[in-house]
file my_file-v6.tsv (TSV, C-alpha atoms (C1' of nucleotides))
chain	number	residue	atom	x	y	z
A	1	MET	CA	-59.85	-47.41	-9.40
A	2	LYS	CA	-61.39	-47.33	-12.85
A	3	ASN	CA	-61.33	-43.57	-13.18
A	4	THR	CA	-57.56	-43.59	-12.92
A	5	VAL	CA	-57.25	-46.07	-15.78
A	6	LEU	CA	-59.52	-43.83	-17.82
A	7	ASN	CA	-57.35	-40.79	-17.07
A	8	LYS	CA	-54.17	-42.62	-17.92
A	9	LEU	CA	-55.63	-43.97	-21.11
A	10	SER	CA	-56.77	-40.51	-22.12
A	11	ASP	CA	-53.30	-39.08	-21.48
A	12	SER	CA	-51.63	-41.92	-23.37
A	13	ILE	CA	-53.88	-41.40	-26.36
A	14	ILE	CA	-53.12	-37.69	-26.38
A	15	GLU	CA	-49.41	-38.34	-26.12
A	16	PHE	CA	-49.54	-40.96	-28.86
A	17	TYR	CA	-51.48	-38.59	-31.10
A	18	GLU	CA	-49.02	-35.75	-30.45
A	19	LYS	CA	-46.10	-37.97	-31.39
A	20	LEU	CA	-47.73	-39.15	-34.58
A	21	TYR	CA	-48.48	-35.51	-35.38
A	22	SER	CA	-44.82	-34.52	-35.01
A	23	TRP	CA	-43.76	-37.61	-36.90
A	24	GLU	CA	-46.03	-36.82	-39.86
A	25	HIS	CA	-44.73	-33.26	-40.02
A	26	ALA	CA	-41.13	-34.41	-39.92
A	27	ILE	CA	-41.76	-36.91	-42.71
A	28	ALA	CA	-43.56	-34.30	-44.79
A	29	LYS	CA	-40.57	-31.97	-44.54
A	30	ASN	CA	-38.48	-34.46	-46.53
A	31	THR	CA	-40.91	-34.62	-49.42
A	32	GLY	CA	-41.06	-30.96	-50.40
A	33	LEU	CA	-44.84	-31.09	-50.02
A	34	SER	CA	-46.77	-29.55	-47.16
A	35	PRO	CA	-48.22	-31.76	-44.41
A	36	GLN	CA	-51.72	-31.17	-45.78
A	37	GLN	CA	-50.66	-32.09	-49.30
A	38	ASN	CA	-49.12	-35.30	-47.98
A	39	HIS	CA	-52.23	-35.93	-45.97
A	40	THR	CA	-54.36	-35.53	-49.10
A	41	ILE	CA	-52.18	-37.91	-51.09
A	42	GLU	CA	-52.26	-40.39	-48.24
A	43	ILE	CA	-56.06	-40.39	-48.16
A	44	VAL	CA	-56.52	-40.59	-51.92
A	45	GLY	CA	-53.88	-43.29	-52.07
A	46	SER	CA	-55.39	-45.51	-49.44
A	47	ASN	CA	-59.04	-44.92	-50.38
A	48	GLY	CA	-58.62	-45.00	-54.12
A	49	PRO	CA	-60.56	-42.60	-56.36
A	50	ILE	CA	-62.68	-40.38	-54.18
A	51	ARG	CA	-65.08	-37.52	-54.75
A	52	MET	CA	-64.45	-33.97	-53.56
A	53	LYS	CA	-67.15	-33.94	-50.91
A	54	PRO	CA	-66.09	-37.00	-48.88
A	55	LEU	CA	-62.45	-36.03	-49.34
A	56	SER	CA	-63.12	-32.62	-47.84
A	57	GLU	CA	-64.81	-34.30	-44.88
A	58	LYS	CA	-61.90	-36.63	-44.28
A	59	LEU	CA	-59.52	-33.68	-44.39
A	60	SER	CA	-61.82	-31.56	-42.21
A	61	VAL	CA	-61.78	-28.63	-44.63
A	62	THR	CA	-64.49	-26.89	-46.65
A	63	MET	CA	-65.04	-27.59	-50.32
A	64	GLY	CA	-63.65	-24.19	-51.19
A	65	THR	CA	-60.40	-24.97	-49.43
A	66	LEU	CA	-60.21	-28.36	-51.08
A	67	THR	CA	-60.77	-26.90	-54.54
A	68	VAL	CA	-57.61	-24.80	-54.32
A	69	MET	CA	-55.64	-27.64	-52.73
A	70	ILE	CA	-56.57	-29.98	-55.57
A	71	ASP	CA	-55.88	-27.22	-58.11
A	72	ARG	CA	-52.31	-27.03	-56.81
A	73	LEU	CA	-51.79	-30.77	-56.54
A	74	GLU	CA	-53.11	-31.11	-60.08
A	75	LYS	CA	-50.78	-28.39	-61.31
A	76	SER	CA	-47.82	-30.05	-59.59
A	77	GLY	CA	-48.82	-33.33	-61.25
A	78	HIS	CA	-49.65	-35.41	-58.18
A	79	VAL	CA	-53.38	-35.90	-58.68
A	80	CYS	CA	-55.95	-35.48	-61.43
A	81	ARG	CA	-59.66	-34.86	-61.68
A	82	GLN	CA	-61.67	-37.42	-63.59
A	83	LYS	CA	-65.23	-36.64	-64.60
A	84	ASP	CA	-67.69	-38.97	-62.94
A	85	PRO	CA	-69.68	-40.66	-65.73
A	86	GLU	CA	-72.54	-41.36	-63.31
A	87	ASP	CA	-72.92	-37.77	-62.15
A	88	GLY	CA	-72.09	-34.85	-64.40
A	89	ARG	CA	-71.53	-32.55	-61.43
A	90	GLY	CA	-68.79	-34.52	-59.77
A	91	PHE	CA	-65.21	-35.59	-60.16
A	92	ASN	CA	-63.18	-38.42	-58.86
A	93	ILE	CA	-59.79	-37.44	-57.57
A	94	LEU	CA	-57.05	-39.93	-58.27
A	95	LEU	CA	-53.31	-40.17	-57.97
A	96	THR	CA	-51.01	-39.81	-60.98
A	97	ALA	CA	-47.88	-41.94	-61.25
A	98	LYS	CA	-46.02	-39.17	-59.46
A	99	GLY	CA	-48.60	-39.12	-56.68
A	100	LYS	CA	-48.44	-42.89	-56.37
A	101	THR	CA	-44.69	-42.72	-55.90
A	102	ILE	CA	-45.10	-40.27	-53.04
A	103	HIS	CA	-47.76	-42.47	-51.52
A	104	LYS	CA	-45.61	-45.59	-51.73
A	105	GLU	CA	-42.71	-43.81	-50.04
A	106	HIS	CA	-45.01	-42.55	-47.34
A	107	HIS	CA	-46.41	-46.01	-46.83
A	108	ALA	CA	-42.90	-47.40	-46.43
A	109	TYR	CA	-42.29	-44.87	-43.66
A	110	HIS	CA	-45.45	-46.04	-41.96
A	111	LEU	CA	-44.29	-49.64	-42.13
A	112	ASN	CA	-41.02	-48.62	-40.52
A	113	LEU	CA	-42.96	-46.91	-37.79
A	114	ALA	CA	-45.12	-49.97	-37.23
A	115	GLU	CA	-41.93	-52.00	-37.01
A	116	ASP	CA	-40.46	-49.63	-34.44
A	117	ILE	CA	-43.65	-49.92	-32.47
A	118	THR	CA	-43.86	-53.69	-32.49
A	119	SER	CA	-40.21	-54.03	-31.60
A	120	CYS	CA	-40.93	-52.94	-28.06
A	121	LEU	CA	-43.92	-55.24	-27.68
A	122	SER	CA	-44.26	-58.99	-27.33
A	123	GLN	CA	-46.13	-60.89	-30.02
A	124	GLU	CA	-49.16	-61.15	-27.74
A	125	GLU	CA	-49.07	-57.46	-26.98
A	126	ALA	CA	-48.75	-56.58	-30.66
A	127	SER	CA	-51.70	-58.70	-31.71
A	128	GLY	CA	-53.68	-57.42	-28.71
A	129	LEU	CA	-52.95	-53.86	-29.80
A	130	LEU	CA	-53.99	-54.61	-33.35
A	131	ASN	CA	-57.18	-56.24	-32.12
A	132	SER	CA	-58.05	-53.33	-29.85
A	133	LEU	CA	-57.31	-50.70	-32.48
A	134	ALA	CA	-59.53	-52.53	-34.95
A	135	LYS	CA	-62.39	-52.54	-32.46
A	136	ILE	CA	-61.86	-48.88	-31.65
A	137	ASN	CA	-61.73	-47.86	-35.28
A	138	ARG	CA	-65.01	-49.60	-35.91
A	139	LYS	CA	-66.56	-47.73	-33.00
A	140	ILE	CA	-65.31	-44.14	-33.21
B	1	MET	CA	-47.30	-64.33	-41.36
B	2	LYS	CA	-45.65	-61.56	-39.46
B	3	ASN	CA	-45.53	-59.13	-42.35
B	4	THR	CA	-49.31	-59.18	-42.57
B	5	VAL	CA	-49.64	-58.23	-38.91
B	6	LEU	CA	-47.25	-55.37	-39.52
B	7	ASN	CA	-49.30	-54.17	-42.48
B	8	LYS	CA	-52.54	-54.41	-40.57
B	9	LEU	CA	-51.06	-52.63	-37.59
B	10	SER	CA	-49.76	-49.86	-39.81
B	11	ASP	CA	-53.17	-49.42	-41.40
B	12	SER	CA	-54.92	-49.46	-38.04
B	13	ILE	CA	-52.59	-46.80	-36.70
B	14	ILE	CA	-53.20	-44.60	-39.72
B	15	GLU	CA	-56.93	-45.04	-39.41
B	16	PHE	CA	-56.85	-44.32	-35.70
B	17	TYR	CA	-54.77	-41.21	-36.29
B	18	GLU	CA	-57.14	-40.01	-39.04
B	19	LYS	CA	-60.12	-40.40	-36.75
B	20	LEU	CA	-58.46	-38.54	-33.90
B	21	TYR	CA	-57.55	-35.83	-36.39
B	22	SER	CA	-61.17	-35.41	-37.50
B	23	TRP	CA	-62.32	-35.59	-33.91
B	24	GLU	CA	-59.95	-32.81	-32.80
B	25	HIS	CA	-61.10	-30.58	-35.64
B	26	ALA	CA	-64.76	-31.17	-34.84
B	27	ILE	CA	-64.16	-30.35	-31.17
B	28	ALA	CA	-62.21	-27.23	-32.07
B	29	LYS	CA	-65.10	-25.96	-34.15
B	30	ASN	CA	-67.23	-25.67	-31.02
B	31	THR	CA	-64.75	-23.51	-29.16
B	32	GLY	CA	-64.46	-20.59	-31.57
B	33	LEU	CA	-60.69	-21.13	-31.62
B	34	SER	CA	-58.78	-22.63	-34.52
B	35	PRO	CA	-57.46	-26.20	-34.30
B	36	GLN	CA	-53.92	-24.88	-33.93
B	37	GLN	CA	-54.93	-22.51	-31.15
B	38	ASN	CA	-56.62	-25.38	-29.34
B	39	HIS	CA	-53.59	-27.52	-29.91
B	40	THR	CA	-51.39	-24.84	-28.38
B	41	ILE	CA	-53.62	-24.50	-25.33
B	42	GLU	CA	-53.72	-28.27	-24.99
B	43	ILE	CA	-49.93	-28.51	-24.93
B	44	VAL	CA	-49.40	-25.59	-22.58
B	45	GLY	CA	-52.16	-26.92	-20.34
B	46	SER	CA	-50.80	-30.43	-20.05
B	47	ASN	CA	-47.12	-29.49	-19.89
B	48	GLY	CA	-47.45	-26.47	-17.64
B	49	PRO	CA	-45.35	-23.34	-18.24
B	50	ILE	CA	-43.18	-23.92	-21.27
B	51	ARG	CA	-40.64	-21.89	-23.21
B	52	MET	CA	-41.13	-20.77	-26.79
B	53	LYS	CA	-38.49	-23.04	-28.28
B	54	PRO	CA	-39.75	-26.41	-27.00
B	55	LEU	CA	-43.32	-25.32	-27.62
B	56	SER	CA	-42.52	-24.57	-31.26
B	57	GLU	CA	-40.99	-28.02	-31.56
B	58	LYS	CA	-44.03	-29.73	-30.10
B	59	LEU	CA	-46.26	-27.82	-32.49
B	60	SER	CA	-43.91	-28.46	-35.42
B	61	VAL	CA	-43.77	-24.79	-36.39
B	62	THR	CA	-40.95	-22.26	-36.56
B	63	MET	CA	-40.33	-19.71	-33.83
B	64	GLY	CA	-41.55	-16.94	-36.12
B	65	THR	CA	-44.87	-18.68	-36.59
B	66	LEU	CA	-45.18	-19.33	-32.89
B	67	THR	CA	-44.47	-15.69	-32.04
B	68	VAL	CA	-47.51	-14.50	-33.96
B	69	MET	CA	-49.68	-17.35	-32.64
B	70	ILE	CA	-48.78	-16.46	-29.06
B	71	ASP	CA	-49.28	-12.76	-29.83
B	72	ARG	CA	-52.86	-13.55	-30.84
B	73	LEU	CA	-53.57	-15.91	-27.96
B	74	GLU	CA	-52.19	-13.29	-25.58
B	75	LYS	CA	-54.36	-10.60	-27.15
B	76	SER	CA	-57.42	-12.84	-26.86
B	77	GLY	CA	-56.55	-13.45	-23.21
B	78	HIS	CA	-55.89	-17.19	-23.28
B	79	VAL	CA	-52.16	-17.23	-22.49
B	80	CYS	CA	-49.53	-14.86	-21.19
B	81	ARG	CA	-45.79	-14.47	-21.46
B	82	GLN	CA	-43.84	-14.50	-18.21
B	83	LYS	CA	-40.23	-13.39	-18.19
B	84	ASP	CA	-37.91	-16.21	-17.19
B	85	PRO	CA	-35.95	-15.03	-14.13
B	86	GLU	CA	-33.18	-17.53	-14.93
B	87	ASP	CA	-32.67	-16.41	-18.51
B	88	GLY	CA	-33.29	-12.83	-19.60
B	89	ARG	CA	-33.83	-13.86	-23.21
B	90	GLY	CA	-36.69	-16.23	-22.63
B	91	PHE	CA	-40.30	-16.38	-21.61
B	92	ASN	CA	-42.49	-18.99	-20.12
B	93	ILE	CA	-45.86	-19.32	-21.76
B	94	LEU	CA	-48.68	-20.07	-19.39
B	95	LEU	CA	-52.46	-20.29	-19.45
B	96	THR	CA	-54.65	-17.55	-18.04
B	97	ALA	CA	-57.88	-18.42	-16.24
B	98	LYS	CA	-59.65	-18.18	-19.58
B	99	GLY	CA	-57.11	-20.52	-21.17
B	100	LYS	CA	-57.46	-22.96	-18.30
B	101	THR	CA	-61.21	-23.08	-18.79
B	102	ILE	CA	-60.75	-24.01	-22.44
B	103	HIS	CA	-58.22	-26.63	-21.46
B	104	LYS	CA	-60.52	-28.17	-18.86
B	105	GLU	CA	-63.35	-28.39	-21.34
B	106	HIS	CA	-61.06	-29.96	-23.88
B	107	HIS	CA	-59.83	-32.44	-21.31
B	108	ALA	CA	-63.39	-33.41	-20.47
B	109	TYR	CA	-63.96	-34.20	-24.13
B	110	HIS	CA	-60.88	-36.39	-24.10
B	111	LEU	CA	-62.18	-38.27	-21.08
B	112	ASN	CA	-65.44	-38.88	-22.92
B	113	LEU	CA	-63.48	-40.21	-25.84
B	114	ALA	CA	-61.46	-42.51	-23.61
B	115	GLU	CA	-64.74	-43.72	-22.14
B	116	ASP	CA	-66.16	-44.42	-25.59
B	117	ILE	CA	-63.02	-46.31	-26.41
B	118	THR	CA	-62.96	-48.47	-23.32
B	119	SER	CA	-66.64	-49.25	-23.63
B	120	CYS	CA	-65.94	-51.53	-26.56
B	121	LEU	CA	-63.06	-53.30	-24.83
B	122	SER	CA	-62.88	-55.76	-21.98
B	123	GLN	CA	-61.03	-54.74	-18.83
B	124	GLU	CA	-58.06	-56.85	-19.87
B	125	GLU	CA	-58.01	-55.34	-23.33
B	126	ALA	CA	-58.22	-51.82	-21.94
B	127	SER	CA	-55.34	-52.32	-19.54
B	128	GLY	CA	-53.38	-54.07	-22.27
B	129	LEU	CA	-53.94	-51.12	-24.57
B	130	LEU	CA	-52.85	-48.69	-21.87
B	131	ASN	CA	-49.77	-50.74	-21.19
B	132	SER	CA	-48.83	-50.97	-24.87
B	133	LEU	CA	-49.40	-47.27	-25.51
B	134	ALA	CA	-47.20	-46.38	-22.54
B	135	LYS	CA	-44.40	-48.55	-23.92
B	136	ILE	CA	-44.81	-47.09	-27.39
B	137	ASN	CA	-44.82	-43.52	-26.13
B	138	ARG	CA	-41.61	-44.14	-24.27
B	139	LYS	CA	-40.04	-45.49	-27.44
B	140	ILE	CA	-41.14	-43.22	-30.29
C	1	DC	C1'	-91.43	-28.31	-66.28
C	2	DT	C1'	-90.41	-25.98	-62.27
C	3	DT	C1'	-88.50	-26.12	-57.91
C	4	DT	C1'	-85.30	-27.77	-54.82
C	5	DA	C1'	-81.15	-30.07	-53.53
C	6	DT	C1'	-76.34	-31.41	-54.39
C	7	DA	C1'	-71.37	-30.87	-56.16
C	8	DG	C1'	-68.07	-28.03	-56.98
C	9	DT	C1'	-65.84	-23.24	-57.92
C	10	DT	C1'	-64.77	-18.42	-57.10
C	11	DT	C1'	-63.95	-14.44	-54.33
C	12	DG	C1'	-62.50	-11.57	-50.49
C	13	DA	C1'	-60.73	-11.49	-46.03
C	14	DT	C1'	-58.09	-13.54	-42.36
C	15	DT	C1'	-54.89	-16.79	-40.36
C	16	DG	C1'	-50.93	-19.97	-40.73
C	17	DT	C1'	-46.52	-20.63	-42.37
C	18	DC	C1'	-41.62	-20.19	-43.63
C	19	DA	C1'	-37.06	-18.24	-44.45
C	20	DA	C1'	-34.17	-14.62	-43.61
C	21	DA	C1'	-32.78	-10.54	-41.30
C	22	DC	C1'	-32.76	-8.55	-36.86
C	23	DA	C1'	-32.31	-7.62	-31.62
C	24	DT	C1'	-30.97	-9.08	-27.21
C	25	DA	C1'	-29.03	-11.96	-23.65
C	26	DA	C1'	-25.92	-15.80	-22.36
C	27	DT	C1'	-21.75	-18.37	-23.00
C	28	DT	C1'	-17.11	-19.23	-24.50
C	29	DA	C1'	-12.54	-17.92	-25.82
C	30	DA	C1'	-8.81	-14.69	-25.94
D	1	DT	C1'	-12.37	-8.58	-18.74
D	2	DT	C1'	-13.49	-7.94	-23.38
D	3	DA	C1'	-14.55	-10.05	-27.97
D	4	DA	C1'	-16.54	-13.65	-30.60
D	5	DT	C1'	-19.96	-17.06	-30.69
D	6	DT	C1'	-24.25	-19.14	-29.55
D	7	DA	C1'	-29.09	-19.28	-28.14
D	8	DT	C1'	-33.81	-17.17	-27.65
D	9	DG	C1'	-37.12	-14.73	-29.50
D	10	DT	C1'	-39.18	-11.01	-32.85
D	11	DT	C1'	-40.06	-8.81	-37.26
D	12	DT	C1'	-40.82	-8.69	-42.12
D	13	DG	C1'	-42.21	-10.04	-46.71
D	14	DA	C1'	-44.10	-13.51	-49.47
D	15	DC	C1'	-47.07	-17.27	-50.08
D	16	DA	C1'	-50.27	-21.16	-48.66
D	17	DA	C1'	-54.38	-22.57	-45.92
D	18	DT	C1'	-58.70	-21.56	-44.44
D	19	DC	C1'	-63.55	-20.01	-44.16
D	20	DA	C1'	-68.02	-18.00	-45.34
D	21	DA	C1'	-70.80	-16.48	-48.81
D	22	DA	C1'	-72.05	-15.86	-53.48
D	23	DC	C1'	-72.13	-18.30	-57.71
D	24	DT	C1'	-72.51	-22.11	-61.62
D	25	DA	C1'	-73.98	-26.36	-63.21
D	26	DT	C1'	-76.14	-30.76	-62.83
D	27	DA	C1'	-79.49	-34.01	-60.63
D	28	DA	C1'	-83.68	-35.18	-58.32
D	29	DA	C1'	-88.44	-34.36	-56.80
D	30	DG	C1'	-92.90	-32.34	-57.10

call {"tool": "encode", "arguments": {"input": "my_file-v6.tsv", "output": "structure tokens"}}
result
Amino acid sequence: MKNTVLNKLSDSIIEFYEKLYSWEHAIAKNTGLSPQQNHTIEIVGSNGPIRMKPLSEKLSVTMGTLTVMIDRLEKSGHVCRQKDPEDGRGFNILLTAKGKTIHKEHHAYHLNLAEDITSCLSQEEASGLLNSLAKINRKI
Amino acid sequence: MKNTVLNKLSDSIIEFYEKLYSWEHAIAKNTGLSPQQNHTIEIVGSNGPIRMKPLSEKLSVTMGTLTVMIDRLEKSGHVCRQKDPEDGRGFNILLTAKGKTIHKEHHAYHLNLAEDITSCLSQEEASGLLNSLAKINRKI
DNA sequence: CTTTATAGTTTGATTGTCAAACATAATTAA
DNA sequence: TTAATTATGTTTGACAATCAAACTATAAAG
């Protein structure tokens, strides 16, 4: 019955999430940066310049927490603050060359992962998965 | 071409993961427990009694870190250590009634999420997604 | 202009985290 | 059987992550 499919889907999503979680942590370990620092670079890298407020929301941390994270990433030379000309209160956070390098490496890992994933699916299954994920991402 | 599908799939997976990440943190906020504490309860709850070592691996933390986490969760009455009769060195970690309540609530949230997700998919798409996720989870 | 709202920082306290040293029990080798 | 080795978990000391609350500075509204 339908309820069973729902249960199985829920469990599969949890399992998938858990595996991605472990995977991200393992990848981070190779970079010398913490998982959260990698996460920050990943978000800034894929979104482009972004203000503190929305960045804190994406990372699910308070502004205070983000301030010290960005302080450290700035000190280590991975990101920089750029005064927003439109709004004297705010900054845009963007990646330095060093940060971009990290992001590119990380992205390459993600492509490998996507390749691993598709290699156990047929072409139809892979495009079905892509299609479903796109719909889901629009919704949730 | 195929490379484009791979890129899109990679991006969709990242986006999906990011959204689940935010979702988990938002849910955790309602419980009074930290995200990591919820995560721990989630794993113990879905795996059943589990030893410290494999639990630390699933959480991607060292044993030292896990020791203090379990100390706190034991003190707050959510889990307990049970001496392993087979191996005098080890413990099994299991949920108390209080921990089980948290886990059930969390699981209900996950079912809601799965429902939200399926509501934007056809029956065929939903079962295709389930099928693909199962294959992927077996592989990665 | 004055008030209110928004963006970000600072501070103080707590939790999360690791690496390394430690304790104890199991396993292997002699 | 005893001694060396390995595996499981804890403790400790140092540092990073986190939050809430107080604070600064700019923007927007009245």

call {"tool": "residues_around", "arguments": {"input": "my_file-v6.tsv", "residues": "segment 21-33 of chain A", "least_positions_apart": "2", "cutoff": "12 Å", "atoms": "all atoms listed in the file", "output": "JSON, numbers by chain"}}
result
{"A": [14, 15, 16, 17, 18, 19, 35, 36, 37, 38, 39, 40, 41, 42, 69, 72, 73, 76, 78, 99, 101, 102, 103, 105, 106, 107, 108, 109, 110, 112, 113], "B": [14, 17, 18, 20, 21, 39, 55, 56, 57, 58, 59, 60, 61, 140], "C": [18], "D": [16]}

call {"tool": "interface_residues", "arguments": {"input": "my_file-v6.tsv", "of": "chain A", "to": "chain B", "cutoff": "7 Å", "atoms": "all atoms listed in the file", "output": "PDB file with C-alpha atoms, in the frame of the given file"}}
result
ATOM      1  CA  LEU A   6     -59.520 -43.830 -17.820  1.00  0.00           C
ATOM      2  CA  ASN A   7     -57.350 -40.790 -17.070  1.00  0.00           C
ATOM      3  CA  LEU A   9     -55.630 -43.970 -21.110  1.00  0.00           C
ATOM      4  CA  SER A  10     -56.770 -40.510 -22.120  1.00  0.00           C
ATOM      5  CA  SER A  12     -51.630 -41.920 -23.370  1.00  0.00           C
ATOM      6  CA  GLU A  15     -49.410 -38.340 -26.120  1.00  0.00           C
ATOM      7  CA  PHE A  16     -49.540 -40.960 -28.860  1.00  0.00           C
ATOM      8  CA  TYR A  17     -51.480 -38.590 -31.100  1.00  0.00           C
ATOM      9  CA  SER A  22     -44.820 -34.520 -35.010  1.00  0.00           C
ATOM     10  CA  HIS A  25     -44.730 -33.260 -40.020  1.00  0.00           C
ATOM     11  CA  LYS A  58     -61.900 -36.630 -44.280  1.00  0.00           C
ATOM     12  CA  SER A  60     -61.820 -31.560 -42.210  1.00  0.00           C
ATOM     13  CA  HIS A 110     -45.450 -46.040 -41.960  1.00  0.00           C
ATOM     14  CA  LEU A 111     -44.290 -49.640 -42.130  1.00  0.00           C
ATOM     15  CA  ALA A 114     -45.120 -49.970 -37.230  1.00  0.00           C
ATOM     16  CA  GLU A 115     -41.930 -52.000 -37.010  1.00  0.00           C
ATOM     17  CA  ILE A 117     -43.650 -49.920 -32.470  1.00  0.00           C
ATOM     18  CA  CYS A 120     -40.930 -52.940 -28.060  1.00  0.00           C
ATOM     19  CA  GLU A 125     -49.070 -57.460 -26.980  1.00  0.00           C
ATOM     20  CA  LEU A 129     -52.950 -53.860 -29.800  1.00  0.00           C
ATOM     21  CA  LEU A 130     -53.990 -54.610 -33.350  1.00  0.00           C
ATOM     22  CA  SER A 132     -58.050 -53.330 -29.850  1.00  0.00           C
ATOM     23  CA  LEU A 133     -57.310 -50.700 -32.480  1.00  0.00           C
ATOM     24  CA  ALA A 134     -59.530 -52.530 -34.950  1.00  0.00           C
ATOM     25  CA  LYS A 135     -62.390 -52.540 -32.460  1.00  0.00           C
ATOM     26  CA  ILE A 136     -61.860 -48.880 -31.650  1.00  0.00           C
ATOM     27  CA  ASN A 137     -61.730 -47.860 -35.280  1.00  0.00           C
TER      28      ASN A 137
END

call {"tool": "residues_around", "arguments": {"input": "my_file-v6.tsv", "residues": "DT4 of chain C", "least_positions_apart": "2", "cutoff": "10 Å", "atoms": "all atoms listed in the file", "output": "PDB file with C-alpha atoms (C1' of nucleotides), keeping the file's coordinate frame"}}
result
ATOM      1  C1'  DT C   2     -90.410 -25.980 -62.270  1.00  0.00           C
ATOM      2  C1'  DT C   6     -76.340 -31.410 -54.390  1.00  0.00           C
TER       3       DT C   6
ATOM      4  C1'  DA D  28     -83.680 -35.180 -58.320  1.00  0.00           C
ATOM      5  C1'  DA D  29     -88.440 -34.360 -56.800  1.00  0.00           C
ATOM      6  C1'  DG D  30     -92.900 -32.340 -57.100  1.00  0.00           C
TER       7       DG D  30
END

call {"tool": "residues_around", "arguments": {"input": "my_file-v6.tsv", "residues": "DA30 of chain C", "least_positions_apart": "4", "cutoff": "12 Å", "atoms": "only C-alpha atoms (C1' of nucleotides)", "output": "PyMOL selection string"}}
result
chain D and resi 1-4

call {"tool": "write_last_selection", "arguments": {"input": "my_file-v6.tsv", "atoms": "C-alpha atoms (C1' of nucleotides)", "output": "mmCIF file, in the frame of the given file"}}
result
data_model
loop_
_atom_site.group_PDB
_atom_site.id
_atom_site.type_symbol
_atom_site.label_atom_id
_atom_site.label_comp_id
_atom_site.auth_asym_id
_atom_site.auth_seq_id
_atom_site.Cartn_x
_atom_site.Cartn_y
_atom_site.Cartn_z
ATOM 1 C "C1'" DT D 1 -12.370 -8.580 -18.740
ATOM 2 C "C1'" DT D 2 -13.490 -7.940 -23.380
ATOM 3 C "C1'" DA D 3 -14.550 -10.050 -27.970
ATOM 4 C "C1'" DA D 4 -16.540 -13.650 -30.600
#

call {"tool": "interface_residues", "arguments": {"input": "my_file-v6.tsv", "of": "chain C", "to": "chain A", "cutoff": "9 Å", "atoms": "all atoms listed in the file", "output": "list in words"}}
result
DT6, DA7, DG8, DT9 and DT10 of chain C

call {"tool": "write_last_selection", "arguments": {"input": "my_file-v6.tsv", "atoms": "C-alpha atoms (C1' of nucleotides)", "output": "JSON list (two decimals), in the coordinates of the input"}}
result
[["chain", "number", "residue", "atom", "x", "y", "z"],
["C", 6, "DT", "C1'", -76.34, -31.41, -54.39],
["C", 7, "DA", "C1'", -71.37, -30.87, -56.16],
["C", 8, "DG", "C1'", -68.07, -28.03, -56.98],
["C", 9, "DT", "C1'", -65.84, -23.24, -57.92],
["C", 10, "DT", "C1'", -64.77, -18.42, -57.10]]

call {"tool": "atom_distance", "arguments": {"input": "my_file-v6.tsv", "atom1": "atom CA of Glu74 of chain A", "atom2": "atom C1' of DT14 of chain C"}}
result
25.4 Å

call {"tool": "residues_around", "arguments": {"input": "my_file-v6.tsv", "residues": "Ile93 of chain A", "least_positions_apart": "2", "cutoff": "8 Å", "atoms": "all atoms listed in the file", "output": "list in words"}}
result
Val44, Pro49, Ile50, Arg51, Met52, Val79, Cys80, Arg81, Gln82, Phe91 and Leu95 of chain A

call {"tool": "interface_residues", "arguments": {"input": "my_file-v6.tsv", "of": "chain D", "to": "chain A", "cutoff": "10 Å", "atoms": "all atoms listed in the file", "output": "list in words"}}
result
DA16, DA17, DT18, DC19, DA20, DA25, DT26 and DA27 of chain D

call {"tool": "axis_aligned_box", "arguments": {"input": "my_file-v6.tsv", "around": "segment 11-25 of chain C", "padding_each_side": "8 Å", "output": "AutoDock Vina command-line options"}}
result
--center_x -46.5 --center_y -14.1 --center_z -39.0 --size_x 50.9 --size_y 29.0 --size_z 46.7

call {"tool": "atom_distance", "arguments": {"input": "my_file-v6.tsv", "atom1": "atom CA of Gly77 of chain B", "atom2": "atom CA of Gly48 of chain B"}}
result
16.8 Å

call {"tool": "atom_distance", "arguments": {"input": "my_file-v6.tsv", "atom1": "atom C1' of DA29 of chain C", "atom2": "atom C1' of DT8 of chain D"}}
result
21.4 Å
